[in-house]
$ cat model_5.pdb   # PDB, C-alpha atoms
ATOM      1  CA  MET A   1     -39.069  11.534   7.893  1.00  0.00           C
ATOM      2  CA  ALA A   2     -37.059   8.362   7.406  1.00  0.00           C
ATOM      3  CA  ARG A   3     -34.079   7.774   9.637  1.00  0.00           C
ATOM      4  CA  ALA A   4     -30.703   6.720   8.254  1.00  0.00           C
ATOM      5  CA  THR A   5     -29.986   3.035   8.503  1.00  0.00           C
ATOM      6  CA  ALA A   6     -27.106   2.012  10.727  1.00  0.00           C
ATOM      7  CA  ARG A   7     -24.401   0.159   8.854  1.00  0.00           C
ATOM      8  CA  VAL A   8     -20.755  -0.831   9.093  1.00  0.00           C
ATOM      9  CA  CYS A   9     -18.066   1.386   7.533  1.00  0.00           C
ATOM     10  CA  CYS A  10     -17.398   0.228   3.960  1.00  0.00           C
ATOM     11  CA  GLU A  11     -13.611   0.062   4.481  1.00  0.00           C
ATOM     12  CA  PRO A  12     -12.563  -3.592   4.783  1.00  0.00           C
ATOM     13  CA  GLY A  13     -11.909  -4.619   8.369  1.00  0.00           C
ATOM     14  CA  CYS A  14     -13.399  -1.492   9.993  1.00  0.00           C
ATOM     15  CA  PRO A  15     -16.046  -2.478  12.565  1.00  0.00           C
ATOM     16  CA  THR A  16     -17.353   1.094  13.165  1.00  0.00           C
ATOM     17  CA  ILE A  17     -21.137   1.483  12.967  1.00  0.00           C
ATOM     18  CA  ILE A  18     -22.224   4.662  11.148  1.00  0.00           C
ATOM     19  CA  ARG A  19     -25.466   6.364  10.118  1.00  0.00           C
ATOM     20  CA  GLY A  20     -26.124   8.308   6.924  1.00  0.00           C
ATOM     21  CA  ALA A  21     -22.669   7.838   5.380  1.00  0.00           C
ATOM     22  CA  THR A  22     -20.619   5.083   3.806  1.00  0.00           C
ATOM     23  CA  ARG A  23     -17.390   5.527   5.786  1.00  0.00           C
ATOM     24  CA  CYS A  24     -16.520   6.318   9.377  1.00  0.00           C
ATOM     25  CA  PRO A  25     -15.029   9.800   9.954  1.00  0.00           C
ATOM     26  CA  GLU A  26     -11.471   8.426  10.143  1.00  0.00           C
ATOM     27  CA  HIS A  27     -11.678   6.600   6.807  1.00  0.00           C
ATOM     28  CA  GLN A  28     -13.585   9.464   5.154  1.00  0.00           C
ATOM     29  CA  ARG A  29     -10.755  11.877   6.107  1.00  0.00           C
ATOM     30  CA  ALA A  30      -8.177   9.475   4.660  1.00  0.00           C
ATOM     31  CA  ARG A  31     -10.178   9.123   1.423  1.00  0.00           C
ATOM     32  CA  ASP A  32     -10.631  12.890   1.109  1.00  0.00           C
ATOM     33  CA  ALA A  33      -6.876  13.449   1.638  1.00  0.00           C
ATOM     34  CA  HIS A  34      -6.092  10.852  -1.041  1.00  0.00           C
ATOM     35  CA  GLN A  35      -8.521  12.497  -3.489  1.00  0.00           C
ATOM     36  CA  ARG A  36      -7.005  15.947  -2.883  1.00  0.00           C
ATOM     37  CA  ALA A  37      -3.509  14.573  -3.451  1.00  0.00           C
ATOM     38  CA  THR A  38      -4.242  12.591  -6.610  1.00  0.00           C
ATOM     39  CA  VAL A  39      -7.048  14.301  -8.529  1.00  0.00           C
ATOM     40  CA  PRO A  40      -5.868  17.340 -10.509  1.00  0.00           C
ATOM     41  CA  THR A  41      -7.748  20.609 -10.309  1.00  0.00           C
ATOM     42  CA  LYS A  42      -7.560  23.735 -12.456  1.00  0.00           C
ATOM     43  CA  ALA A  43      -5.196  25.204  -9.875  1.00  0.00           C
ATOM     44  CA  THR A  44      -2.778  22.266 -10.066  1.00  0.00           C
ATOM     45  CA  TYR A  45      -3.146  21.223 -13.717  1.00  0.00           C
ATOM     46  CA  ASN A  46       0.063  21.662 -15.694  1.00  0.00           C
ATOM     47  CA  TYR A  47      -0.801  23.214 -19.062  1.00  0.00           C
ATOM     48  CA  THR A  48       2.875  23.242 -20.074  1.00  0.00           C
ATOM     49  CA  GLU A  49       2.910  19.437 -19.813  1.00  0.00           C
ATOM     50  CA  LEU A  50      -0.272  19.246 -21.878  1.00  0.00           C
ATOM     51  CA  LYS A  51       1.349  21.348 -24.630  1.00  0.00           C
ATOM     52  CA  ARG A  52       4.492  19.172 -24.513  1.00  0.00           C
ATOM     53  CA  ARG A  53       2.424  16.008 -24.930  1.00  0.00           C
ATOM     54  CA  ARG A  54       0.411  17.530 -27.771  1.00  0.00           C
ATOM     55  CA  ALA A  55       3.627  18.617 -29.527  1.00  0.00           C
ATOM     56  CA  THR A  56       5.059  15.101 -29.142  1.00  0.00           C
ATOM     57  CA  VAL A  57       1.982  13.505 -30.733  1.00  0.00           C
ATOM     58  CA  ASP A  58       1.952  16.113 -33.542  1.00  0.00           C
ATOM     59  CA  ALA A  59       5.636  15.468 -34.296  1.00  0.00           C
ATOM     60  CA  TRP A  60       4.993  11.701 -34.262  1.00  0.00           C
ATOM     61  CA  ARG A  61       2.130  12.121 -36.742  1.00  0.00           C
ATOM     62  CA  GLN A  62       4.324  14.178 -39.073  1.00  0.00           C
ATOM     63  CA  GLN A  63       6.938  11.434 -39.168  1.00  0.00           C
ATOM     64  CA  HIS A  64       4.836   8.253 -38.852  1.00  0.00           C
ATOM     65  CA  GLY A  65       1.223   9.259 -39.553  1.00  0.00           C
ATOM     66  CA  ASP A  66      -1.622   7.752 -37.524  1.00  0.00           C
ATOM     67  CA  TRP A  67       0.397   4.702 -36.579  1.00  0.00           C
ATOM     68  CA  CYS A  68       0.711   3.254 -33.075  1.00  0.00           C
ATOM     69  CA  PRO A  69       3.933   1.304 -32.414  1.00  0.00           C
ATOM     70  CA  GLY A  70       1.870  -1.061 -30.230  1.00  0.00           C
ATOM     71  CA  TYR A  71       2.369  -2.268 -26.692  1.00  0.00           C
ATOM     72  CA  GLN A  72       2.357  -6.077 -26.332  1.00  0.00           C
ATOM     73  CA  ARG A  73       0.737  -6.207 -29.766  1.00  0.00           C
ATOM     74  CA  PRO A  74       1.896  -5.462 -33.320  1.00  0.00           C
ATOM     75  CA  PRO A  75       2.006  -1.896 -34.666  1.00  0.00           C
ATOM     76  CA  HIS A  76      -1.369  -0.767 -36.000  1.00  0.00           C
ATOM     77  CA  HIS A  77      -3.299   2.185 -37.402  1.00  0.00           C
ATOM     78  CA  SER A  78      -4.966   4.466 -34.841  1.00  0.00           C
ATOM     79  CA  THR A  79      -6.309   8.007 -34.909  1.00  0.00           C
ATOM     80  CA  GLN A  80      -6.397   8.196 -31.089  1.00  0.00           C
ATOM     81  CA  LEU A  81      -2.722   8.673 -30.265  1.00  0.00           C
ATOM     82  CA  SER A  82      -1.511   9.894 -26.883  1.00  0.00           C
ATOM     83  CA  ALA A  83       1.849  10.719 -25.315  1.00  0.00           C
ATOM     84  CA  ASP A  84       2.917   9.058 -22.080  1.00  0.00           C
ATOM     85  CA  HIS A  85       6.065   8.924 -19.975  1.00  0.00           C
ATOM     86  CA  ILE A  86       8.300   6.043 -21.054  1.00  0.00           C
ATOM     87  CA  THR A  87       9.226   5.544 -17.398  1.00  0.00           C
ATOM     88  CA  PRO A  88       6.166   6.434 -15.308  1.00  0.00           C
ATOM     89  CA  VAL A  89       6.638   9.196 -12.747  1.00  0.00           C
ATOM     90  CA  ALA A  90       5.181   6.840 -10.125  1.00  0.00           C
ATOM     91  CA  LEU A  91       8.099   4.460 -10.785  1.00  0.00           C
ATOM     92  CA  GLY A  92      10.776   7.138 -10.474  1.00  0.00           C
ATOM     93  CA  GLY A  93      10.688   8.698 -13.942  1.00  0.00           C
ATOM     94  CA  ALA A  94      11.239  12.433 -14.226  1.00  0.00           C
ATOM     95  CA  GLN A  95       8.166  14.624 -14.648  1.00  0.00           C
ATOM     96  CA  ASP A  96       9.847  16.223 -17.657  1.00  0.00           C
ATOM     97  CA  GLY A  97      11.301  12.896 -18.854  1.00  0.00           C
ATOM     98  CA  PRO A  98      11.009  11.494 -22.366  1.00  0.00           C
ATOM     99  CA  LEU A  99       7.574  10.722 -23.743  1.00  0.00           C
ATOM    100  CA  GLY A 100       6.495   7.799 -25.905  1.00  0.00           C
ATOM    101  CA  VAL A 101       3.521   7.722 -28.257  1.00  0.00           C
ATOM    102  CA  LEU A 102       0.894   4.985 -28.084  1.00  0.00           C
ATOM    103  CA  CYS A 103      -2.778   4.793 -28.958  1.00  0.00           C
ATOM    104  CA  ILE A 104      -5.198   5.142 -26.064  1.00  0.00           C
ATOM    105  CA  SER A 105      -5.824   1.384 -25.992  1.00  0.00           C
ATOM    106  CA  CYS A 106      -2.121   0.486 -25.845  1.00  0.00           C
ATOM    107  CA  ASN A 107      -1.502   3.243 -23.312  1.00  0.00           C
ATOM    108  CA  ALA A 108      -4.181   1.730 -21.065  1.00  0.00           C
ATOM    109  CA  ARG A 109      -2.608  -1.721 -21.552  1.00  0.00           C
ATOM    110  CA  LYS A 110       0.810  -0.316 -20.612  1.00  0.00           C
ATOM    111  CA  GLY A 111      -0.607   1.209 -17.441  1.00  0.00           C
ATOM    112  CA  ASN A 112       2.082   1.955 -14.885  1.00  0.00           C
ATOM    113  CA  ARG A 113       4.868  -0.049 -16.549  1.00  0.00           C
ATOM    114  CA  VAL A 114       8.076   0.994 -18.271  1.00  0.00           C
ATOM    115  CA  GLN A 115       7.798   0.998 -22.050  1.00  0.00           C
ATOM    116  CA  HIS A 116      10.640  -1.427 -22.891  1.00  0.00           C
ATOM    117  CA  GLY A 117      12.202  -1.420 -26.321  1.00  0.00           C
ATOM    118  CA  HIS A 118      11.391   2.240 -26.898  1.00  0.00           C
ATOM    119  CA  ASP A 119      14.265   4.523 -27.810  1.00  0.00           C
ATOM    120  CA  PRO A 120      13.399   8.113 -26.844  1.00  0.00           C
ATOM    121  CA  ARG A 121      15.430   9.314 -29.821  1.00  0.00           C
ATOM    122  CA  ASP A 122      12.796   7.700 -32.069  1.00  0.00           C
ATOM    123  CA  THR A 123      10.189  10.131 -30.759  1.00  0.00           C
ATOM    124  CA  PRO A 124      10.479  13.451 -32.590  1.00  0.00           C
ATOM    125  CA  GLY A 125      10.929  16.504 -30.410  1.00  0.00           C
ATOM    126  CA  GLN A 126      12.513  14.549 -27.560  1.00  0.00           C
ATOM    127  CA  PRO A 127      16.109  14.829 -26.298  1.00  0.00           C
TER     128      PRO A 127
END
$ encode --input "model_5.pdb" --output "structure tokens"
Amino acid sequence: MARATARVCCEPGCPTIIRGATRCPEHQRARDAHQRATVPTKATYNYTELKRRRATVDAWRQQHGDWCPGYQRPPHHSTQLSADHITPVALGGAQDGPLGVLCISCNARKGNRVQHGHDPRDTPGQP
């Protein structure tokens, strides 16, 4: 039976030698805690939020059709629309705050930034 190769923990700057794993126990615990806190599970997934996002996209389609307003690019046709917080929750936006509609590509481009120039009153179904 082959023995595990000794190697250094894969966390930058950690000099701990380990066998049969990629991280030392300390860094593995920290990674596991981060995963539990950030990755949703069926128990923590908010289906009400999913319905709210779906309703926002449906209302947008009724008013504008399959049209993305664009983020750092001109408006364009897209059948893959998604709803996203105008002010990301990670930047202090409310979990139940106003949603904006962008295509998946523009939403990825927006990332964790505030969607400037978007008036929440333009999004149907929003306060």
$ resolve_selection --input "model_5.pdb" --expression "the PyMOL selection byres ((chain A and resi 87-95) around 8)" --output "PyMOL selection string"
chain A and resi 84-86+96-98+112-115
$ write_last_selection --input "model_5.pdb" --atoms "C-alpha atoms" --output "compact mmCIF listing (two decimals), keeping the file's coordinate frame"
# COMPACT_ATOMS: atom_id res chain seq x y z
CA ASP A 84 2.92 9.06 -22.08
CA HIS A 85 6.06 8.92 -19.98
CA ILE A 86 8.30 6.04 -21.05
CA ASP A 96 9.85 16.22 -17.66
CA GLY A 97 11.30 12.90 -18.85
CA PRO A 98 11.01 11.49 -22.37
CA ASN A 112 2.08 1.96 -14.88
CA ARG A 113 4.87 -0.05 -16.55
CA VAL A 114 8.08 0.99 -18.27
CA GLN A 115 7.80 1.00 -22.05
$ residues_around --input "model_5.pdb" --residues "segment 104-108 of chain A" --least-positions-apart "4" --cutoff "8 Å" --atoms "all atoms listed in the file" --output "list in words"
Gly70, Tyr71, Gln72, Gln80, Leu81, Ser82 and Asp84 of chain A
$ atom_distance --input "model_5.pdb" --atom1 "atom CA of Cys10 of chain A" --atom2 "atom CA of Thr41 of chain A"
26.7 Å
$ resolve_selection --input "model_5.pdb" --expression "the PyMOL selection byres ((chain A and resi 47-53) around 8)" --output "list of chain:residue names"
A:Tyr45, A:Asn46, A:Arg54, A:Ala55, A:Thr56, A:Val57, A:Ser82, A:Ala83, A:Asp84, A:Asp96, A:Leu99
$ write_last_selection --input "model_5.pdb" --atoms "C-alpha atoms" --output "PDB file, in the coordinates of the input"
ATOM      1  CA  TYR A  45      -3.146  21.223 -13.717  1.00  0.00           C
ATOM      2  CA  ASN A  46       0.063  21.662 -15.694  1.00  0.00           C
ATOM      3  CA  ARG A  54       0.411  17.530 -27.771  1.00  0.00           C
ATOM      4  CA  ALA A  55       3.627  18.617 -29.527  1.00  0.00           C
ATOM      5  CA  THR A  56       5.059  15.101 -29.142  1.00  0.00           C
ATOM      6  CA  VAL A  57       1.982  13.505 -30.733  1.00  0.00           C
ATOM      7  CA  SER A  82      -1.511   9.894 -26.883  1.00  0.00           C
ATOM      8  CA  ALA A  83       1.849  10.719 -25.315  1.00  0.00           C
ATOM      9  CA  ASP A  84       2.917   9.058 -22.080  1.00  0.00           C
ATOM     10  CA  ASP A  96       9.847  16.223 -17.657  1.00  0.00           C
ATOM     11  CA  LEU A  99       7.574  10.722 -23.743  1.00  0.00           C
TER      12      LEU A  99
END
$ axis_aligned_box --input "model_5.pdb" --around "segment 70-86 of chain A" --padding-each-side "5 Å" --output "AutoDock Vina command-line options"
--center_x 1.0 --center_y 2.3 --center_z -28.7 --size_x 24.7 --size_y 26.9 --size_z 27.4
$ atom_distance --input "model_5.pdb" --atom1 "atom CA of Arg23 of chain A" --atom2 "atom CA of Gly111 of chain A"
29.0 Å
$ atom_distance --input "model_5.pdb" --atom1 "atom CA of Cys103 of chain A" --atom2 "atom CA of Thr79 of chain A"
7.6 Å
$ resolve_selection --input "model_5.pdb" --expression "the PyMOL selection byres ((chain A and resi 62-69) around 8)" --output "CSV table (one decimal) with C-alpha atoms, in the frame of the given file"
chain,number,residue,atom,x,y,z
A,58,ASP,CA,2.0,16.1,-33.5
A,59,ALA,CA,5.6,15.5,-34.3
A,60,TRP,CA,5.0,11.7,-34.3
A,61,ARG,CA,2.1,12.1,-36.7
A,70,GLY,CA,1.9,-1.1,-30.2
A,71,TYR,CA,2.4,-2.3,-26.7
A,74,PRO,CA,1.9,-5.5,-33.3
A,75,PRO,CA,2.0,-1.9,-34.7
A,76,HIS,CA,-1.4,-0.8,-36.0
A,77,HIS,CA,-3.3,2.2,-37.4
A,78,SER,CA,-5.0,4.5,-34.8
A,79,THR,CA,-6.3,8.0,-34.9
A,81,LEU,CA,-2.7,8.7,-30.3
A,101,VAL,CA,3.5,7.7,-28.3
A,102,LEU,CA,0.9,5.0,-28.1
A,103,CYS,CA,-2.8,4.8,-29.0
A,124,PRO,CA,10.5,13.5,-32.6
